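**Q** This is coords01.txt, which holds compact mmCIF, C-alpha atoms:
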# COMPACT_ATOMS: atom_id res chain seq x y z
CA MET C 1 0.00 0.00 0.00
CA SER C 2 1.35 3.38 -0.94
CA PHE C 3 2.02 6.14 1.54
CA SER C 4 -0.80 8.35 0.27
CA LYS C 5 -3.36 5.57 0.71
CA GLN C 6 -2.19 5.00 4.29
CA ILE C 7 -2.68 8.69 5.08
CA LYS C 8 -6.19 8.65 3.55
CA LYS C 9 -7.13 5.59 5.61
CA LEU C 10 -5.83 7.14 8.84
CA PHE C 11 -7.71 10.37 8.14
CA THR C 12 -11.01 8.60 7.47
CA SER C 13 -10.69 6.46 10.65
CA THR C 14 -10.02 9.49 12.87
CA LEU C 15 -12.92 11.37 11.27
CA ILE C 16 -15.31 8.49 11.93
CA ASN C 17 -14.20 8.21 15.57
CA ASN C 18 -14.68 11.95 16.14
CA VAL C 19 -18.17 11.79 14.67
CA ARG C 20 -19.05 8.89 16.98
CA VAL C 21 -17.74 10.70 20.07
CA PHE C 22 -19.58 13.90 19.15
CA SER C 23 -22.83 12.05 18.57
CA THR C 24 -22.59 10.09 21.84
CA SER C 25 -21.72 13.21 23.87
CA GLY C 26 -24.61 15.10 22.28
CA CYS C 27 -26.96 12.24 23.11
CA GLN C 28 -25.72 12.17 26.68
CA GLN C 29 -26.26 15.92 27.06
CA SER C 30 -29.71 15.70 25.53
CA ASN C 31 -30.56 12.76 27.76
CA THR C 32 -29.46 14.62 30.90
CA LEU C 33 -31.51 17.68 29.91
CA LEU C 34 -34.49 15.46 29.21
CA HIS C 35 -34.16 13.74 32.58
CA ARG C 36 -33.94 17.08 34.34
CA THR C 37 -37.10 18.43 32.73
CA VAL C 38 -38.99 15.20 33.44
CA ASN C 39 -37.93 15.24 37.10
CA ARG C 40 -38.98 18.88 37.43
CA HIS C 41 -42.41 18.16 35.99
CA ARG C 42 -42.82 15.24 38.37
CA ARG C 43 -41.92 17.38 41.36
CA VAL C 44 -44.31 20.12 40.30
CA LYS C 45 -47.03 17.50 39.89
CA ASN C 46 -46.34 16.14 43.38
CA GLY C 47 -46.48 19.66 44.91
CA THR C 48 -42.79 20.23 45.55
CA THR C 49 -41.54 23.07 43.33
CA ASP C 50 -37.87 23.81 43.14
CA TYR C 51 -38.65 27.26 41.78
CA GLN C 52 -40.17 28.37 45.08
CA ASN C 53 -37.28 26.92 47.08
CA GLU C 54 -34.74 28.60 44.83
CA GLY C 55 -36.60 31.90 45.13
CA GLU C 56 -36.74 31.63 48.92
CA ASP C 57 -33.04 30.80 49.09
CA GLN C 58 -32.24 33.75 46.86
CA THR C 59 -34.28 36.15 49.02
CA LYS C 60 -32.59 34.80 52.15
CA ARG C 61 -29.19 35.33 50.57
CA GLN C 62 -30.13 38.88 49.58
CA LYS C 63 -31.34 39.65 53.12
CA VAL C 64 -28.10 38.30 54.59
CA GLU C 65 -26.06 40.39 52.15
CA VAL C 66 -28.07 43.52 53.03
CA VAL C 67 -27.53 42.91 56.76
CA GLU C 68 -23.79 42.41 56.22
CA LEU C 69 -23.58 45.61 54.16
CA GLN C 70 -25.43 47.53 56.88
CA LEU C 71 -23.08 46.17 59.54
CA ASP C 72 -20.02 47.09 57.45
CA LEU C 73 -21.44 50.57 56.85
CA GLY C 74 -22.10 51.03 60.59
CA VAL C 75 -18.57 49.92 61.44
CA LYS C 76 -17.09 52.31 58.87
CA GLN C 77 -19.21 55.19 60.17
CA ASN C 78 -18.13 54.53 63.76
CA GLN C 79 -14.51 54.30 62.63
CA GLN C 80 -14.80 57.59 60.75
CA ARG C 81 -16.33 59.24 63.85
CA GLU C 82 -13.44 57.99 65.98
CA VAL C 83 -10.92 59.32 63.48
CA ASP C 84 -12.56 62.77 63.32
CA ALA C 85 -12.84 62.97 67.12
CA PHE C 86 -9.18 62.04 67.56
CA LYS C 87 -8.08 64.66 65.02
CA GLU C 88 -9.93 67.36 66.95
CA LYS C 89 -8.89 66.16 70.39
CA TYR C 90 -5.19 65.37 69.81
CA PRO C 91 -3.92 67.42 66.85
CA ASP C 92 -0.47 67.49 68.46
CA PHE C 93 0.02 63.75 67.87
CA LEU C 94 -0.77 63.97 64.17
CA PRO C 95 2.08 64.64 61.70
CA ARG C 96 2.13 67.89 59.78
CA THR C 97 -0.09 67.75 56.70
CA ASP C 98 1.74 70.50 54.83
CA ARG C 99 4.76 68.26 54.23
CA VAL C 100 3.44 64.70 54.18
CA SER C 101 5.82 63.73 51.38
CA ARG C 102 8.83 64.61 53.60
CA ARG C 103 7.81 62.78 56.75
CA ASP C 104 10.40 61.26 59.08
CA TYR C 105 8.75 58.34 60.86
CA VAL C 106 11.65 57.79 63.26
CA LEU C 107 11.55 61.43 64.33
CA GLU C 108 7.79 61.19 64.85
CA MET C 109 8.28 58.16 67.10
CA LEU C 110 10.92 59.97 69.15
CA HIS C 111 8.68 63.02 69.46
CA ARG C 112 5.81 60.88 70.71
CA ARG C 113 8.09 59.30 73.30
CA ASP C 114 9.12 62.72 74.64
CA MET C 115 5.52 63.91 74.55
CA PHE C 116 4.42 60.94 76.66
CA LYS C 117 7.18 61.69 79.18
CA ARG C 118 6.07 65.31 79.40
CA ARG C 119 2.44 64.30 79.86
CA GLN C 120 3.45 62.18 82.85
CA ASN C 121 4.53 65.37 84.64
CA LEU C 122 2.00 67.83 83.19
CA ASN C 123 -1.76 67.35 83.10
CA ILE C 124 -2.82 68.56 79.63
CA PRO C 125 -6.62 68.83 79.51
CA GLU C 126 -8.86 68.39 76.52
CA PHE C 127 -9.41 71.74 74.78
CA TYR C 128 -10.33 73.06 71.37
CA VAL C 129 -10.25 76.29 69.43
CA GLY C 130 -12.82 78.42 71.25
CA SER C 131 -12.14 77.01 74.72
CA ILE C 132 -11.14 79.33 77.56
CA LEU C 133 -7.83 78.35 79.19
CA ALA C 134 -5.72 79.47 82.12
CA VAL C 135 -1.98 78.84 81.69
CA THR C 136 0.56 79.24 84.49
CA VAL C 137 4.22 79.49 83.52
CA ALA C 138 7.42 79.96 85.48
CA ASP C 139 8.61 83.58 85.36
CA GLN C 140 11.86 84.46 87.10
CA TYR C 141 11.10 88.21 86.94
CA SER C 142 7.72 87.91 88.66
CA PRO C 143 7.55 88.43 92.45
CA THR C 144 5.76 85.09 92.83
CA LYS C 145 8.01 83.42 90.21
CA GLU C 146 4.82 82.52 88.34
CA ASN C 147 2.69 84.17 85.68
CA ARG C 148 -0.93 83.22 84.98
CA PHE C 149 -2.82 84.24 81.86
CA VAL C 150 -6.48 83.60 80.95
CA GLY C 151 -7.75 83.80 77.41
CA ILE C 152 -9.67 82.18 74.59
CA CYS C 153 -7.82 79.79 72.31
CA ILE C 154 -7.86 81.24 68.80
CA GLN C 155 -5.41 78.88 67.08
CA ARG C 156 -3.67 75.52 67.33
CA GLN C 157 -0.91 74.73 64.87
CA PHE C 158 2.02 72.42 64.09
CA ALA C 159 2.58 68.91 65.35
CA GLY C 160 4.72 66.97 67.78
CA LEU C 161 6.90 68.87 70.21
CA GLN C 162 6.47 72.00 68.07
CA HIS C 163 2.72 72.14 68.67
CA ASN C 164 1.58 75.52 70.04
CA PHE C 165 -1.65 77.36 70.82
CA THR C 166 -2.52 81.05 71.04
CA LEU C 167 -4.62 82.69 73.77
CA ARG C 168 -6.29 86.09 73.41
CA ASN C 169 -7.72 88.40 76.06
CA VAL C 170 -8.44 92.12 76.41
CA ILE C 171 -6.90 93.70 79.52
CA TYR C 172 -7.42 97.40 80.27
CA GLY C 173 -8.75 97.97 76.76
CA GLN C 174 -5.67 96.44 75.08
CA GLY C 175 -5.84 93.18 73.17
CA ILE C 176 -3.14 90.74 74.29
CA GLU C 177 -2.22 87.49 72.58
CA ILE C 178 0.29 84.99 73.94
CA LYS C 179 1.52 81.95 72.07
CA TYR C 180 2.49 78.93 74.19
CA ASP C 181 4.36 75.80 73.21
CA LEU C 182 2.23 72.95 74.53
CA TYR C 183 5.24 70.90 75.66
CA ASN C 184 7.28 73.82 77.00
CA PRO C 185 8.99 72.73 80.26
CA ASN C 186 8.35 76.21 81.73
CA ILE C 187 4.61 75.57 81.82
CA ILE C 188 3.50 74.71 85.33
CA SER C 189 -0.17 74.01 84.72
CA ILE C 190 -2.85 74.22 82.02
CA GLU C 191 -6.46 74.50 83.15
CA CYS C 192 -9.48 74.48 80.85
CA LEU C 193 -12.01 76.86 82.40
CA LYS C 194 -14.69 76.35 79.74
CA THR C 195 -14.65 73.56 77.17
CA GLU C 196 -16.43 74.39 73.95
CA LYS C 197 -15.95 74.56 70.20
CA ARG C 198 -16.56 77.27 67.64
CA LEU C 199 -17.78 77.16 64.06
CA ASP C 200 -14.33 77.93 62.62
CA SER C 201 -10.93 76.34 63.08
CA GLU C 202 -9.24 79.76 63.64
CA LEU C 203 -10.58 82.83 65.41
CA PHE C 204 -8.24 85.55 64.15
CA TYR C 205 -11.25 87.66 63.21
CA LEU C 206 -11.72 88.45 66.92
CA ARG C 207 -9.01 91.08 66.42
CA ASP C 208 -11.44 93.08 64.26
CA CYS C 209 -14.50 92.42 66.45
CA PRO C 210 -15.82 94.33 69.49
CA GLN C 211 -13.71 93.82 72.58
CA GLU C 212 -16.48 92.24 74.68
CA TYR C 213 -16.17 89.05 72.60
CA SER C 214 -12.51 88.69 73.66
CA THR C 215 -12.71 89.90 77.26
CA PHE C 216 -12.53 87.37 80.09
CA PRO C 217 -11.84 88.01 83.80
CA LEU C 218 -8.47 86.81 85.07
CA ASN C 219 -10.14 85.25 88.12
CA MET C 220 -12.74 83.42 86.05
CA GLU C 221 -14.15 80.32 87.73
CA LYS C 222 -14.23 76.97 86.02
CA VAL C 223 -17.43 76.01 84.21
CA PRO C 224 -18.01 72.25 84.57
CA ALA C 225 -18.30 70.36 81.32
CA PRO C 226 -21.43 68.25 80.74
CA LYS C 227 -20.73 64.61 81.58
CA GLY C 228 -21.69 61.90 79.15
CA LYS C 229 -22.35 64.37 76.32
CA ASP C 230 -20.44 65.70 73.35
CA VAL C 231 -18.46 68.90 73.59
CA PRO C 232 -20.90 71.80 73.03
CA VAL C 233 -20.47 73.94 69.93
CA ASN C 234 -20.91 77.68 70.44
CA ASP C 235 -22.67 78.80 67.25
CA ILE C 236 -22.41 82.51 68.03
CA LYS C 237 -21.78 84.80 65.05
CA VAL C 238 -19.57 87.72 66.01
CA PRO C 239 -20.13 91.05 64.24
CA LEU C 240 -17.13 92.79 62.72
CA ASN C 241 -16.18 96.37 63.39
CA SER C 242 -16.36 98.91 60.63
CA PRO C 243 -13.37 98.76 58.25
CA PRO C 244 -10.44 99.09 57.88
CA TRP C 245 -9.64 95.55 59.01
CA LEU C 246 -6.40 93.72 59.60
CA GLU C 247 -7.33 91.19 56.91
CA ARG C 248 -9.60 91.03 53.89
CA TRP C 249 -12.48 89.30 55.64
CA GLU C 250 -14.86 89.99 52.73
CA ARG C 251 -12.86 87.46 50.70
CA ARG C 252 -13.14 84.72 53.31
CA LYS C 253 -16.35 82.98 52.30
CA ASP C 254 -15.47 79.87 54.32
CA LEU C 255 -15.88 81.57 57.72
CA LYS C 256 -19.14 80.80 59.52
CA GLY C 257 -18.70 82.62 62.83
CA ILE C 258 -18.71 86.25 61.69
CA THR C 259 -21.22 88.68 60.23
CA GLY C 260 -20.72 92.02 58.56
CA ASN C 261 -18.04 90.88 56.11
CA ASP C 262 -20.30 91.46 53.09
CA ARG C 263 -19.50 95.15 52.64
CA ARG C 264 -19.89 96.92 49.31
CA LEU C 265 -16.67 96.94 47.32
CA THR C 266 -15.42 99.42 44.78
CA ALA C 267 -14.71 98.37 41.22
CA ARG C 268 -10.99 98.15 41.93
CA GLN C 269 -11.56 96.05 45.06
CA GLN C 270 -13.87 93.73 43.14
CA ARG C 271 -11.24 93.17 40.45
CA ARG C 272 -8.59 92.43 43.08
CA ALA C 273 -10.97 90.08 44.89
CA VAL C 274 -11.63 88.14 41.67
CA LEU C 275 -7.89 87.84 41.00
CA SER C 276 -7.25 86.53 44.52
CA GLU C 277 -9.88 83.79 44.28
CA LYS C 278 -8.77 80.22 43.71
CA PRO C 279 -11.93 78.21 42.96
CA TRP C 280 -10.01 75.25 41.57
CA ARG C 281 -8.74 74.38 45.06
CA GLU C 282 -12.17 73.07 46.02
CA ASN C 283 -11.98 70.32 43.36
CA ASP C 284 -8.24 69.67 43.45
CA ILE C 285 -8.17 66.02 44.50
CA MET C 286 -4.38 65.67 44.34
CA LEU C 287 -3.90 68.71 46.59
CA GLU C 288 -6.31 67.22 49.12
CA TYR C 289 -4.49 63.88 48.90
CA ARG C 290 -1.07 65.48 49.48
CA HIS C 291 -2.28 67.45 52.51
CA SER C 292 -4.31 64.73 54.22
CA LEU C 293 -3.68 61.63 56.30
CA ARG C 294 -5.06 58.17 55.73
CA ASP C 295 -7.53 56.84 58.27
CA ASP C 296 -5.42 53.77 58.98
CA GLU C 297 -2.48 56.00 59.95
CA VAL C 298 -4.68 58.02 62.29
CA LEU C 299 -6.04 54.82 63.86
CA HIS C 300 -2.50 53.53 64.36
CA ILE C 301 -1.54 56.72 66.22
CA LYS C 302 -4.80 56.56 68.18
CA ASN C 303 -4.01 53.02 69.35
CA ILE C 304 -0.58 54.18 70.56
CA VAL C 305 -2.12 57.06 72.52
CA ASP C 306 -4.80 54.79 74.01
CA ARG C 307 -2.17 52.32 75.20
CA PHE C 308 -0.22 55.15 76.84
CA GLN C 309 -3.34 56.46 78.58
CA ALA C 310 -4.19 52.98 79.89
CA LYS C 311 -0.67 52.55 81.27
CA GLU C 312 -0.78 56.03 82.80
CA GLN C 313 -4.09 55.30 84.55
CA GLN C 314 -2.68 52.03 85.87
CA ARG C 315 0.44 53.79 87.12
CA LYS C 316 -1.60 56.46 88.91
CA ALA C 317 -3.83 53.83 90.51
CA GLU C 318 -0.79 51.92 91.80
CA ALA C 319 0.75 55.13 93.14
CA GLU C 320 -2.47 55.96 95.01
CA LYS C 321 -2.57 52.46 96.50
CA ASN C 322 1.05 52.76 97.66
CA ASN C 323 0.37 56.16 99.22
CA ALA C 324 -2.71 54.81 100.99
CA ALA C 325 -0.75 51.80 102.29
CA GLN C 326 2.04 54.03 103.61
CA THR C 327 -0.37 56.34 105.42
Is it possible to give me this structure as structure tokens?
**A**
Amino acid sequence: MSFSKQIKKLFTSTLINNVRVFSTSGCQQSNTLLHRTVNRHRRVKNGTTDYQNEGEDQTKRQKVEVVELQLDLGVKQNQQREVDAFKEKYPDFLPRTDRVSRRDYVLEMLHRRDMFKRRQNLNIPEFYVGSILAVTVADQYSPTKENRFVGICIQRQFAGLQHNFTLRNVIYGQGIEIKYDLYNPNIISIECLKTEKRLDSELFYLRDCPQEYSTFPLNMEKVPAPKGKDVPVNDIKVPLNSPPWLERWERRKDLKGITGNDRRLTARQQRRAVLSEKPWRENDIMLEYRHSLRDDEVLHIKNIVDRFQAKEQQRKAEAEKNNAAQT
């Protein structure tokens, strides 16, 4: 037999085998489909419908998925609330957001260690912008070697050991502002006389407001904070004095705690105001990303602070027990 005839015979045999396999597999598939439909009809005839069971199972699965999504959403909302509360309560432990790309994690860790040591010797209360504080510092030129100042907190800035806050008060008709470093070793005590928040994160506009909104007695008594409730927000809107002002408050549309900054502008002032506006900053996602912290980083710092506070409470409790045993 020639070589060409052998190839033709091999080709025909393989073709016949493939046709047989295809036909048998198709018959098997058709038979299985037929058996399935017959079994379904029998079950429907007997009163047991798989369609109802499948529908019930699907609804149950959907309900379970909805409950899981609600639980996840509740957990995320609680986590976001914790992050926001920690940012307001402890801004000194957060890294600076104006240079996130140049962060030094080792330096941040060392700063936190020194901050914890300082907090063991100095009781730093919870306060916000808008709270009224009384700060006592060591003053070698004072007859009592101490100096106490009472004022409203109008700013908190920077992070770590460089964190500072500014107090403002009006004494004898003169506005006085003092900036304190929170972890300054010369500070003897910090007392929060009235704990409250304001509508804005900075209160520099009090410089251009009537003096009664910045006047507080130096012997002011402490106002107890409500227990078991959130920190109250003072939604007062302070009126501005007549211009000229120290700043262009008519351009600050983001401020919520002042009134009277909508004065009529001249044509030249309107042109300058339009040139100074930067509306693209509101939708600049990359700028917001560069000057913001991730929630997981904030939670990590929060866990470190919580562990320190737990250890500090345990240490104070043991010290009280030892003092009681000695007496």
**Q** Would you work out the distance separating atom CA of C:Gln313 from atom CA of C:Met115, expressed in Å to one decimal?
**A** 16.3 Å
**Q** As a PDB file with C-alpha atoms, in the coordinates of the input, please: the residues near C:Lys316 (cut-off 12 Å, all atoms listed in the file, same-chain neighbours under 6 positions excluded).
**A**
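Writing done, so here's around-v1.pdb:
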ATOM      1  CA  GLN C 120       3.450  62.180  82.850  1.00  0.00           C
ATOM      2  CA  ASN C 121       4.530  65.370  84.640  1.00  0.00           C
ATOM      3  CA  GLN C 309      -3.340  56.460  78.580  1.00  0.00           C
ATOM      4  CA  ALA C 310      -4.190  52.980  79.890  1.00  0.00           C
ATOM      5  CA  ASN C 322       1.050  52.760  97.660  1.00  0.00           C
ATOM      6  CA  ASN C 323       0.370  56.160  99.220  1.00  0.00           C
TER       7      ASN C 323
END
**Q** What does the structure give for the distance between atom CA of C:Arg119 and atom CA of C:Gly160, in Å to one decimal?
**A** 12.6 Å
**Q** Write out as a count of residues only which residues come within 12 Å of C:Met109 when counting all atoms listed in the file, dropping same-chain ones fewer than 2 positions away.
**A** 19
**Q** At a cut-off of 9 Å, using all atoms listed in the file, what residues contact C:Asn234? Leave out same-chain residues fewer than 5 positions from it and give the result as number ranges by chain.
**A** C: 130, 196-199
**Q** If you count all atoms listed in the file, which residues fall within 10 Å of C:Asp139, apart from same-chain ones fewer than 4 positions away, as a PyMOL selection string?
**A** chain C and resi 143-148+186-187
